[in-house]
Each structure stands twice: as C-alpha cells, then as structure tokens.
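Here is the file upload-v9.tsv (TSV, C-alpha atoms and all ligand atoms).
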chain	number	residue	atom	x	y	z
A	1	MET	CA	74.58	78.10	127.36
A	2	ILE	CA	71.42	76.08	126.74
A	3	ASP	CA	70.83	72.46	127.74
A	4	ILE	CA	71.65	70.73	124.44
A	5	GLU	CA	70.07	67.35	125.15
A	6	LYS	CA	66.86	69.03	126.23
A	7	PHE	CA	66.88	71.27	123.16
A	8	ILE	CA	67.26	68.27	120.82
A	9	GLU	CA	64.49	66.41	122.64
A	10	GLU	CA	62.17	69.38	122.35
A	11	VAL	CA	62.80	69.81	118.63
A	12	GLN	CA	62.46	66.10	118.00
A	13	SER	CA	59.15	65.92	119.79
A	14	SER	CA	57.59	69.13	118.40
A	15	LEU	CA	58.89	69.35	114.82
A	16	PRO	CA	57.50	66.13	113.28
A	17	GLU	CA	54.10	66.98	114.69
A	18	LYS	CA	54.26	70.52	113.38
A	19	VAL	CA	55.26	69.66	109.80
A	20	GLY	CA	53.34	66.41	109.39
A	21	ASP	CA	53.81	65.09	105.84
A	22	ASN	CA	54.70	68.48	104.41
A	23	PRO	CA	58.06	69.17	102.84
A	24	VAL	CA	60.50	71.43	104.64
A	25	LEU	CA	62.86	73.75	102.83
A	26	LEU	CA	66.15	74.91	104.29
A	27	LEU	CA	68.49	77.31	102.56
A	28	ILE	CA	72.00	76.15	103.31
A	29	SER	CA	74.74	78.78	103.30
A	30	GLY	CA	77.73	76.56	104.02
A	31	GLY	CA	78.02	78.18	107.44
A	32	VAL	CA	77.79	76.47	110.81
A	33	ASP	CA	74.22	77.52	111.65
A	34	SER	CA	72.41	76.25	108.57
A	35	THR	CA	74.59	73.12	108.41
A	36	VAL	CA	73.77	72.20	112.00
A	37	LEU	CA	70.09	72.87	111.34
A	38	GLY	CA	70.29	70.69	108.22
A	39	ALA	CA	71.78	67.87	110.30
A	40	LEU	CA	69.08	68.29	112.94
A	41	LEU	CA	66.30	68.20	110.32
A	42	LEU	CA	67.75	65.09	108.69
A	43	LYS	CA	67.87	63.37	112.09
A	44	THR	CA	64.40	64.51	113.09
A	45	LEU	CA	62.31	64.16	109.95
A	46	ASP	CA	62.00	61.72	107.08
A	47	PRO	CA	64.94	62.86	104.86
A	48	ARG	CA	62.62	62.70	101.85
A	49	LEU	CA	60.73	65.67	103.30
A	50	VAL	CA	63.87	67.73	103.79
A	51	HIS	CA	64.82	69.91	100.83
A	52	LEU	CA	68.19	71.56	101.23
A	53	MET	CA	68.98	74.34	98.80
A	54	TYR	CA	72.47	75.73	98.49
A	55	MET	CA	73.24	78.65	96.23
A	56	ASP	CA	76.71	78.95	94.84
A	57	THR	CA	76.75	82.72	94.58
A	58	GLY	CA	80.33	82.90	93.33
A	59	LEU	CA	81.02	84.73	96.61
A	60	MET	CA	81.93	81.59	98.48
A	61	ARG	CA	85.23	80.45	99.96
A	62	LYS	CA	87.59	78.12	98.08
A	63	ASN	CA	86.13	74.59	97.57
A	64	GLU	CA	83.02	75.54	99.54
A	65	THR	CA	80.48	74.06	97.16
A	66	ASN	CA	82.21	70.69	96.93
A	67	ASN	CA	82.62	70.53	100.69
A	68	VAL	CA	78.96	71.35	101.29
A	69	LYS	CA	77.86	68.75	98.77
A	70	ALA	CA	80.03	66.04	100.30
A	71	LEU	CA	79.01	66.76	103.88
A	72	LEU	CA	75.27	66.98	103.31
A	73	SER	CA	75.23	63.82	101.24
A	74	LYS	CA	77.08	62.09	104.04
A	75	LEU	CA	74.45	63.32	106.48
A	76	GLY	CA	71.82	61.53	104.46
A	77	SER	CA	70.38	64.33	102.34
A	78	VAL	CA	68.42	62.96	99.39
A	79	ASN	CA	66.94	66.27	98.23
A	80	LEU	CA	70.00	68.45	97.90
A	81	HIS	CA	69.60	71.25	95.37
A	82	ILE	CA	72.86	72.94	94.40
A	83	ILE	CA	72.18	76.10	92.43
A	84	ASN	CA	74.93	77.73	90.41
A	85	CYS	CA	73.99	81.39	90.36
A	86	GLU	CA	77.36	83.13	90.24
A	87	GLU	CA	76.32	85.04	87.15
A	88	ASP	CA	73.20	86.44	88.84
A	89	PHE	CA	75.23	87.76	91.77
A	90	LEU	CA	78.22	89.11	89.90
A	91	SER	CA	76.07	90.95	87.40
A	92	ALA	CA	73.95	92.44	90.21
A	93	LEU	CA	77.11	93.62	91.95
A	94	ALA	CA	78.78	95.08	88.86
A	95	GLY	CA	79.65	98.75	89.33
A	96	ILE	CA	78.53	98.91	92.98
A	97	GLU	CA	81.02	100.19	95.57
A	98	ASP	CA	78.97	101.27	98.57
A	99	PRO	CA	78.86	98.58	101.31
A	100	GLU	CA	75.14	98.85	102.07
A	101	ALA	CA	74.32	99.01	98.36
A	102	LYS	CA	76.31	95.81	97.91
A	103	ARG	CA	74.46	94.15	100.77
A	104	ARG	CA	71.18	95.22	99.21
A	105	ALA	CA	72.22	93.96	95.78
A	106	VAL	CA	73.19	90.60	97.28
A	107	GLY	CA	69.97	90.50	99.33
A	108	ASP	CA	67.81	91.36	96.31
A	109	THR	CA	69.56	88.75	94.21
A	110	PHE	CA	69.05	86.15	96.90
A	111	ILE	CA	65.35	86.96	96.81
A	112	LYS	CA	65.20	86.79	93.02
A	113	VAL	CA	67.12	83.53	92.79
A	114	GLN	CA	65.30	82.12	95.80
A	115	GLU	CA	61.93	82.78	94.18
A	116	ARG	CA	63.02	81.45	90.81
A	117	GLU	CA	64.62	78.30	92.19
A	118	THR	CA	62.09	77.46	94.90
A	119	ALA	CA	59.31	77.76	92.29
A	120	LYS	CA	61.15	75.10	90.27
A	121	LEU	CA	61.02	72.69	93.21
A	122	GLY	CA	57.24	72.49	92.99
A	123	ILE	CA	56.70	72.53	96.76
A	124	PRO	CA	54.78	75.81	97.27
A	125	ASP	CA	53.29	74.69	100.57
A	126	ALA	CA	56.58	73.72	102.13
A	127	PHE	CA	57.56	74.93	105.56
A	128	LEU	CA	60.57	77.21	105.49
A	129	THR	CA	63.17	76.72	108.13
A	130	GLN	CA	66.14	78.96	108.81
A	131	GLY	CA	69.26	78.82	110.92
A	132	THR	CA	68.83	82.41	112.09
A	133	ILE	CA	70.50	82.84	115.48
A	134	ALA	CA	69.91	85.52	118.12
A	135	PRO	CA	72.61	88.03	117.01
A	136	ASP	CA	71.28	87.97	113.40
A	137	VAL	CA	67.90	89.09	114.66
A	138	ILE	CA	69.30	91.74	116.99
A	139	GLU	CA	71.82	93.22	114.51
A	140	SER	CA	69.29	93.42	111.70
A	141	GLY	CA	67.25	95.82	113.80
A	142	ASN	CA	64.26	93.50	113.72
A	143	GLU	CA	63.95	93.42	117.44
A	144	GLY	CA	62.68	96.29	119.57
A	145	ASN	CA	64.79	99.40	119.34
A	146	ALA	CA	68.08	97.94	118.15
A	147	SER	CA	69.34	100.14	115.33
A	148	LEU	CA	70.29	98.79	111.95
A	149	ILE	CA	74.02	98.14	111.84
A	150	LYS	CA	74.15	96.09	108.69
A	151	SER	CA	71.36	94.61	106.65
A	152	HIS	CA	71.49	90.85	106.90
A	153	HIS	CA	69.87	89.30	103.88
A	154	ASN	CA	68.66	86.22	105.70
A	155	VAL	CA	66.20	87.95	108.00
A	156	GLY	CA	62.88	89.05	106.60
A	157	THR	CA	62.94	88.36	102.83
A	158	PRO	CA	59.55	88.22	101.03
A	159	LEU	CA	59.75	84.42	101.06
A	160	VAL	CA	60.38	84.52	104.81
A	161	GLN	CA	57.56	87.04	105.36
A	162	ALA	CA	55.11	85.03	103.29
A	163	LYS	CA	55.95	81.84	105.16
A	164	LYS	CA	55.73	83.67	108.46
A	165	GLN	CA	52.24	84.96	107.64
A	166	ALA	CA	51.18	81.50	106.56
A	167	GLY	CA	52.45	80.11	109.90
A	168	LYS	CA	55.06	78.13	107.99
A	169	LEU	CA	58.29	79.68	109.19
A	170	ILE	CA	60.38	77.65	111.61
A	171	GLU	CA	63.44	79.22	113.21
A	172	PRO	CA	64.52	76.80	115.93
A	173	PHE	CA	67.80	78.65	116.66
A	174	ASP	CA	66.45	82.17	117.10
A	175	LYS	CA	67.26	82.24	120.81
A	176	LEU	CA	70.62	80.49	120.44
A	177	PHE	CA	74.10	81.92	120.23
A	178	LYS	CA	76.91	80.53	118.15
A	179	THR	CA	78.39	78.59	121.08
A	180	ASP	CA	75.06	76.80	121.55
A	181	VAL	CA	74.85	75.93	117.85
A	182	ARG	CA	78.40	74.55	117.94
A	183	ALA	CA	77.64	72.38	120.97
A	184	LEU	CA	74.48	71.20	119.25
A	185	GLY	CA	76.43	70.30	116.09
A	186	ALA	CA	78.93	68.31	118.16
A	187	ALA	CA	76.08	66.50	119.96
A	188	LEU	CA	74.63	65.61	116.55
A	189	GLY	CA	77.95	64.05	115.58
A	190	LEU	CA	79.06	66.59	112.98
A	191	PRO	CA	82.79	66.59	112.20
A	192	GLU	CA	84.90	68.94	114.34
A	193	ASP	CA	86.01	70.81	111.23
A	194	THR	CA	82.41	71.72	110.50
A	195	VAL	CA	81.34	72.53	114.03
A	196	LYS	CA	84.35	74.68	114.78
A	197	ARG	CA	84.27	76.45	111.46
A	198	HIS	CA	84.49	80.20	111.72
A	199	PRO	CA	81.33	82.15	110.87
A	200	PHE	CA	80.91	83.41	107.34
A	201	PRO	CA	78.61	86.31	106.44
A	202	GLY	CA	75.59	85.82	104.19
A	203	PRO	CA	76.85	88.26	101.54
A	204	GLY	CA	80.08	86.26	101.46
A	205	LEU	CA	83.16	87.68	99.79
A	206	ALA	CA	81.14	90.70	98.59
A	207	VAL	CA	81.68	92.32	101.99
A	208	ARG	CA	85.33	91.29	102.09
A	209	ILE	CA	86.22	92.91	98.78
A	210	LEU	CA	86.31	96.67	99.12
A	211	GLY	CA	85.01	98.54	96.11
A	212	GLU	CA	83.51	96.79	93.13
A	213	VAL	CA	83.24	93.00	93.27
A	214	THR	CA	84.51	91.11	90.23
A	215	ARG	CA	85.19	87.45	89.56
A	216	GLU	CA	88.91	88.16	89.31
A	217	LYS	CA	88.93	89.77	92.77
A	218	CYS	CA	86.90	86.89	94.20
A	219	ASP	CA	89.46	84.44	92.83
A	220	ILE	CA	92.38	86.38	94.28
A	221	LEU	CA	90.71	86.65	97.67
A	222	ARG	CA	89.72	82.97	97.68
A	223	GLU	CA	93.35	81.94	97.12
A	224	ALA	CA	94.78	84.29	99.76
A	225	ASP	CA	92.10	83.40	102.31
A	226	ALA	CA	92.65	79.67	101.80
A	227	ILE	CA	96.39	80.04	102.44
A	228	TYR	CA	95.71	82.07	105.60
A	229	ILE	CA	93.15	79.63	106.99
A	230	ASP	CA	95.25	76.56	106.10
A	231	GLU	CA	98.20	78.05	107.92
A	232	LEU	CA	96.12	78.82	111.01
A	233	LYS	CA	95.06	75.18	111.08
A	234	LYS	CA	98.58	73.87	110.56
A	235	ARG	CA	99.83	76.11	113.34
A	236	ASN	CA	97.03	74.99	115.70
A	237	LEU	CA	95.77	78.56	115.94
A	238	TYR	CA	92.44	78.17	114.15
A	239	ASN	CA	90.47	77.02	117.18
A	240	GLU	CA	91.85	79.78	119.38
A	241	ILE	CA	90.34	82.35	117.06
A	242	TRP	CA	86.65	83.15	116.76
A	243	GLN	CA	86.88	84.33	113.20
A	244	ALA	CA	89.75	84.88	110.79
A	245	PHE	CA	89.62	85.91	107.17
A	246	ALA	CA	91.34	87.94	104.52
A	247	VAL	CA	90.00	91.17	103.06
A	248	LEU	CA	90.92	92.43	99.61
A	249	THR	CA	91.29	96.18	99.92
A	250	ASN	CA	90.83	98.52	96.98
A	251	LEU	CA	94.36	99.82	97.35
A	252	ARG	CA	97.37	99.06	95.25
A	253	SER	CA	100.90	99.49	96.41
A	254	VAL	CA	104.39	99.35	94.93
A	255	GLY	CA	106.39	96.19	95.44
A	256	ILE	CA	109.12	94.12	93.83
A	257	SER	CA	108.43	90.93	91.98
A	258	GLY	CA	111.15	88.97	90.13
A	259	GLY	CA	113.47	91.97	90.52
A	260	LYS	CA	110.98	94.25	88.82
A	261	ARG	CA	108.62	96.92	90.07
A	262	SER	CA	105.13	95.61	90.70
A	263	TYR	CA	101.97	97.46	91.59
A	264	GLY	CA	99.92	94.83	93.34
A	265	ARG	CA	96.92	94.72	95.60
A	266	VAL	CA	96.94	95.23	99.34
A	267	LEU	CA	95.43	92.44	101.42
A	268	ALA	CA	94.34	92.79	105.04
A	269	LEU	CA	94.19	89.89	107.47
A	270	ARG	CA	91.64	89.90	110.27
A	271	ALA	CA	91.55	87.60	113.30
A	272	ILE	CA	89.43	88.24	116.36
A	273	THR	CA	88.38	86.58	119.56
A	274	SER	CA	84.81	86.87	120.76
A	275	SER	CA	82.12	84.98	122.59
A	276	ASP	CA	79.08	86.01	120.56
A	277	ALA	CA	80.30	88.36	117.76
A	278	MET	CA	78.57	91.30	119.46
A	279	THR	CA	81.96	92.52	120.66
A	280	ALA	CA	85.39	91.34	119.55
A	281	GLU	CA	89.06	91.68	120.41
A	282	VAL	CA	92.01	91.49	118.06
A	283	TYR	CA	93.78	88.12	118.20
A	284	PRO	CA	97.29	88.71	119.58
A	285	PHE	CA	99.35	86.71	117.09
A	286	ASN	CA	102.98	85.93	117.64
A	287	LEU	CA	104.51	88.21	115.05
A	288	LYS	CA	106.52	85.33	113.59
A	289	ASP	CA	103.28	83.63	112.54
A	290	LEU	CA	102.01	86.78	110.88
A	291	PHE	CA	105.31	87.42	109.09
A	292	GLU	CA	105.44	83.87	107.74
A	293	ILE	CA	101.81	83.86	106.65
A	294	SER	CA	102.27	87.22	104.95
A	295	ALA	CA	105.31	85.90	103.07
A	296	LEU	CA	103.42	82.79	101.96
A	297	ILE	CA	100.60	84.90	100.60
A	298	THR	CA	102.74	87.40	98.71
A	299	THR	CA	104.83	84.55	97.28
A	300	ASN	CA	101.89	82.43	96.16
A	301	VAL	CA	99.26	84.96	95.14
A	302	LYS	CA	100.87	86.96	92.42
A	303	ASP	CA	98.46	89.89	92.48
A	304	ILE	CA	99.12	90.65	96.13
A	305	SER	CA	102.17	92.74	96.90
A	306	ARG	CA	101.50	93.73	100.49
A	307	VAL	CA	99.76	92.30	103.54
A	308	THR	CA	98.54	94.23	106.58
A	309	TYR	CA	96.96	93.09	109.88
A	310	ASP	CA	93.78	94.71	111.15
A	311	ILE	CA	94.24	95.70	114.81
A	312	SER	CA	90.76	97.10	115.48
A	313	SER	CA	88.39	95.70	118.08
A	314	LYS	CA	84.57	95.73	117.89
A	315	PRO	CA	83.40	98.32	118.74
A	316	PRO	CA	84.34	100.69	117.24
A	317	ALA	CA	85.08	98.53	114.16
A	318	THR	CA	82.73	95.74	113.13
A	319	ILE	CA	84.11	92.27	112.46
A	320	GLU	CA	83.54	92.34	108.71
A	321	TRP	CA	84.93	95.35	106.88
A	322	GLU	CA	81.64	96.13	105.19
B	401	LIG	P1	79.85	92.37	112.11
B	401	LIG	O1	80.65	92.62	110.88
B	401	LIG	O2	78.51	93.02	112.06
B	401	LIG	O3	79.60	90.82	112.12
B	401	LIG	O4	80.59	92.72	113.37
B	401	LIG	C1	79.10	90.10	113.22
B	401	LIG	C2	79.07	88.64	112.80
B	401	LIG	O5	78.03	88.44	111.84
B	401	LIG	C3	78.58	87.97	110.62
B	401	LIG	N1	77.85	88.67	109.55
B	401	LIG	C4	76.80	88.14	108.92
B	401	LIG	N2	76.18	86.95	109.05
B	401	LIG	N3	74.65	87.56	107.34
B	401	LIG	C5	75.11	86.66	108.25
B	401	LIG	O6	74.55	85.57	108.35
B	401	LIG	C6	75.21	88.76	107.16
B	401	LIG	O7	74.78	89.56	106.33
B	401	LIG	C7	76.34	89.06	108.00
B	401	LIG	N4	77.15	90.17	108.11
B	401	LIG	C8	78.06	89.88	109.07
B	401	LIG	C9	80.05	88.32	110.66
B	401	LIG	O8	80.84	87.48	109.84
B	401	LIG	C10	80.34	88.16	112.14
B	401	LIG	O9	80.52	86.81	112.48
As structure tokens, how would this structure be written, given the file I've shared?
Amino acid sequence: MIDIEKFIEEVQSSLPEKVGDNPVLLLISGGVDSTVLGALLLKTLDPRLVHLMYMDTGLMRKNETNNVKALLSKLGSVNLHIINCEEDFLSALAGIEDPEAKRRAVGDTFIKVQERETAKLGIPDAFLTQGTIAPDVIESGNEGNASLIKSHHNVGTPLVQAKKQAGKLIEPFDKLFKTDVRALGAALGLPEDTVKRHPFPGPGLAVRILGEVTREKCDILREADAIYIDELKKRNLYNEIWQAFAVLTNLRSVGISGGKRSYGRVLALRAITSSDAMTAEVYPFNLKDLFEISALITTNVKDISRVTYDISSKPPATIEWE
C-alpha cells in the first residue's frame, strides 16, 4: 500500500509544472481508476484545462452514463464530453463470437471513435492521461516477459503511442494497485459508492455476453446484472466481494413460465474475492442469498429461465469469462 498523502502531494507538485497551460485529455470509462484520476486532475489543475471524454459504447452497465455525468459534473468538470457511440460498437461486434476477436473489435472501435472524437475537440497538442494501473500493464504483456492473457484495449493504442512518443503521456497510477486507487479516491473525498465500486472491464458487456453481442442481449444482461448488484448492496454483501457481475451465456434451457414451456437464456452469476485481481477465490455465498437472487432474476427478467453460479477460482479461470 502506498503513502496516499505523499502520492497526492507529489502529483500536485509535479503535474501543474509538467502540463503548464496545455489541455489534458482523460478518457473516462466509468470505472474506479479513471474516475479517481479525473477527480485528482480536477483538484490539481485548472478545470478548464481538463477535458474528460466518456464514450457510451452501448456496452455499459444500467444507468452508467447518467451516473458518470452526474458525478463528474459534481466534481467540477466543465469540459465533459459524452459521446454516444453505441452504433459504432454494436456494428463492429456484429457476427463476432470469438473472445479475442471481440476484444480486438472493441479495441479497434475505441481507436476509431477516439480519433474521430478527439479530432473534434480541437486540442491536438493536449497531454493524454490514463488511469492505467499496474495489473493492466502486466496482463497486457507490455512488461518484460509476461505473456498475453487478454488484450486490454486501454494500453498502447495509436493515440497512446503517439502521445508517448511526443512525451505527452501521463499515467500517474501505473505503479498502483486497485486498493491504492480506492484509498486515493477516498482521500479525495469521492463518494463511497464510487470508490468501492467493483472493477469493470474496458470491453464492458462484450466480454460478459458469450457469443455474438447484440443490443437485445446487452439489455437483458443490464437488467439481470442490476438486480444482482442491487441485491448484494441491500444484503450488505457488496463490499465483502471484490467483483460481482452477471454473464449472459449462449445457452438456452427449458423452463416453465406462466404454466407454459419456455426456452429461455441461461445466466451465470460470478462473485469473487481478491486483493489485486491477479488471483481470485469464489465468494462463499450463503445459499439462501443465491437462491433468492436467482428467483428475483428469473421472475423479473423474462428472457432468463435459469441461473447458475460460477464456482471457479483464478487461476485456472480468469475473472471475466472472456
Ligand atoms: P481477468 O478476467 O483477466 O480480469 O481475470 C482481471 C481484472 O481485469 C479486469 N479486466 C479488464 N480491465 N480492460 C480493463 O480495464 C480490459 O480489457 C479488461 N479485461 C478484464 C477484470 O474485470 C478484472 O477486474
């Protein structure tokens, strides 16, 4: 665990000097890392220099975009660019089933949209800052001899490379782990809900929907996931868990709905404990909680007829299914 006060002091003394009067661009994902970095930038620099860009890829969790908008405005953001690019992402993902191909499609679309939208901002000389944390770097195989486990879109895009070469890439969190970032967020006064939020992968729901990604499947998964997460909060379980989410499998199964045969989708629930996401253990739910949550989901999400619980640790499984 790093010394948070010292870390803030260091950033606050070095960053203004480094960027001078230049604008700084941060791509906000809605996740903890980029949100905490956004808060730190807004506290450290003149907010007029801080451009926050959030892309609504259509692969986000329920109400994500509105929540991001509300929080960042509250933190004093005056240059908040919300980009609706669901169509770009869903059309790029159409017909793709392979997990790495999906990650590449999402990554390529991020690059395309990033280039298109950043060009519109008219700040070509801006510094680029990213909330990349240590495990992102390690697991993307960008460091030494670590092998590629999954391609993470947010490390090493052409925009990032260009800014790096120009000496305009700033990654203040690259030696930090999630626990450090959380402590930093709390020290910066971010709401507990934000700081303790479970991690969310860059490719979003695309890696939580097995098989082809469609808007309909995203909507189903968003609903089921929201019920699951709400219940964990109501039951005071959310903060005991490192990461919990629902996965929409590409299986259908026979069930009964309104006394009739149904042939609905199979949903998997995942909940793990971890200290840094490099390894993970299955969260040992009381079965009663799981049974009740399962019933709530099958009752309220009409397309889901069956719910399963993933009991695999990492390794051998990874946290995300794809
Ligand atoms: P895995 O599935 O590799 O996930 O065990 C480890 C942690 O990383 C998150 N994850 C990602 N985060 N971009 C990110 O920023 C990504 O492409 C990505 N893929 C996985 C995952 O949710 C878990 O917390």
Who sits within 9 Å of segment 62-76 of chain A, all atoms listed in the file, same chain under 4 positions skipped, as a PyMOL selection string: chain A and resi 28-30+35+38-39+42-43+47+52+54-56+80+82+190+194+219+222-223+225-226
Every residue with an atom at most 7 Å from (63.0, 73.0, 111.3) (file coordinates; all atoms listed in the file) is what I'm after, so could you write them as a list in words? Leu15, Leu41, Thr129, Ile170, Glu171 and Pro172 of chain A
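Nearest residue to Gly58 of chain A among A:Leu176, A:Ala271, A:Leu121, A:Val213 is A:Val213, counting all atoms listed in the file.
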Which value, in Å to one decimal, gives the distance between atom CA of Asn236 of chain A and atom CA of Glu192 of chain A?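 Interatomic distance, atom CA of Asn236 of chain A to atom CA of Glu192 of chain A: 13.6 Å.
The space between atom CA of Val181 of chain A and atom CA of Val195 of chain A spans 8.3 Å.
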For Ala277 of chain A, which residue among A:Leu248, A:Ala134, A:Val78, A:Ile227 is the nearest when counting all atoms listed in the file?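 For Ala277 of chain A, the nearest of the candidates is A:Ala134.
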Residues of chain A that approach ligand LIG 401 (chain B) to 10 Å or less, counting only C-alpha atoms and all ligand atoms: could you list each one with the shortest pair of atoms and its distance in Å to one decimal, rows by chain and increasing residue number, as CSV?
residue,atom,partner,partner_atom,distance
A:Ser29,CA,B:LIG401,O6,8.5
A:Gly31,CA,B:LIG401,O6,8.2
A:Val32,CA,B:LIG401,O6,10.0
A:Asp33,CA,B:LIG401,O6,8.7
A:Ser34,CA,B:LIG401,O6,9.6
A:Arg103,CA,B:LIG401,O7,7.2
A:Arg104,CA,B:LIG401,O7,9.8
A:Val106,CA,B:LIG401,O7,9.2
A:Gly107,CA,B:LIG401,O7,8.5
A:Gly131,CA,B:LIG401,O6,9.0
A:Thr132,CA,B:LIG401,O6,7.5
A:Ile133,CA,B:LIG401,O6,8.6
A:Pro135,CA,B:LIG401,O5,7.5
A:Asp136,CA,B:LIG401,O6,6.5
A:Val137,CA,B:LIG401,O6,9.8
A:Glu139,CA,B:LIG401,O2,7.1
A:Ser140,CA,B:LIG401,O7,8.6
A:Ile149,CA,B:LIG401,O2,6.8
A:Lys150,CA,B:LIG401,O2,6.3
A:Ser151,CA,B:LIG401,O7,6.1
A:His152,CA,B:LIG401,O7,3.6
A:His153,CA,B:LIG401,O7,5.5
A:Asn154,CA,B:LIG401,N3,6.4
A:Val155,CA,B:LIG401,N3,8.5
A:Lys178,CA,B:LIG401,O9,9.2
A:His198,CA,B:LIG401,O9,7.7
A:Pro199,CA,B:LIG401,O9,5.0
A:Phe200,CA,B:LIG401,O8,4.8
A:Pro201,CA,B:LIG401,C4,3.6
A:Gly202,CA,B:LIG401,N3,3.7
A:Pro203,CA,B:LIG401,O7,5.4
A:Gly204,CA,B:LIG401,C6,7.9
A:Val207,CA,B:LIG401,N4,7.9
A:Arg208,CA,B:LIG401,O8,9.7
A:Trp242,CA,B:LIG401,O9,8.3
A:Gln243,CA,B:LIG401,O9,6.9
A:Ala244,CA,B:LIG401,O8,9.3
A:Phe245,CA,B:LIG401,O8,9.3
A:Ile272,CA,B:LIG401,O9,9.8
A:Ser274,CA,B:LIG401,O9,9.3
A:Asp276,CA,B:LIG401,C2,8.2
A:Ala277,CA,B:LIG401,C1,5.0
A:Met278,CA,B:LIG401,C1,6.4
A:Thr279,CA,B:LIG401,O4,7.4
A:Ala280,CA,B:LIG401,O4,7.9
A:Ser313,CA,B:LIG401,O4,9.6
A:Lys314,CA,B:LIG401,O4,6.7
A:Pro315,CA,B:LIG401,O4,8.3
A:Pro316,CA,B:LIG401,O4,9.6
A:Ala317,CA,B:LIG401,O4,7.4
A:Thr318,CA,B:LIG401,O4,3.7
A:Ile319,CA,B:LIG401,O4,3.7
A:Glu320,CA,B:LIG401,O1,3.6
A:Trp321,CA,B:LIG401,O1,6.5
A:Glu322,CA,B:LIG401,O1,6.8
Pick from A:Met60, A:Ile111, A:Leu205, A:Met1, whichever lies nearest to Pro99 of chain A using only C-alpha atoms: A:Leu205
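Residues surrounding segment 19-25 of chain A within 8 Å are Arg48, Leu49, Val50, His51, Leu52, Met53, Ile123, Asp125, Ala126, Phe127, Leu128 and Thr129 of chain A [all atoms listed in the file; sequence separation below 6 positions excluded].
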Between A:Val247, A:Ile83, A:Val36, A:Ala183, single out the one closest to Cys218 of chain A, counting all atoms listed in the file.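 For Cys218 of chain A, the nearest of the given residues is A:Val247.
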So what do you get for atom CA of Lys102 of chain A versus atom CA of Gly211 of chain A, distance-wise? 9.3 Å
Name the closest residue to Thr109 of chain A among the candidates A:Ala295, A:Leu93, A:Ile2, A:Leu59; distances are taken between atoms, counting all atoms listed in the file.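 Between A:Ala295, A:Leu93, A:Ile2, A:Leu59, the residue approaching Thr109 of chain A most closely is A:Leu93.
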In terms of the shortest atom-to-atom distance over all atoms listed in the file, which of A:Glu231, A:Tyr238, A:Ser77, A:Ile256 is closest to Phe291 of chain A? A:Glu231
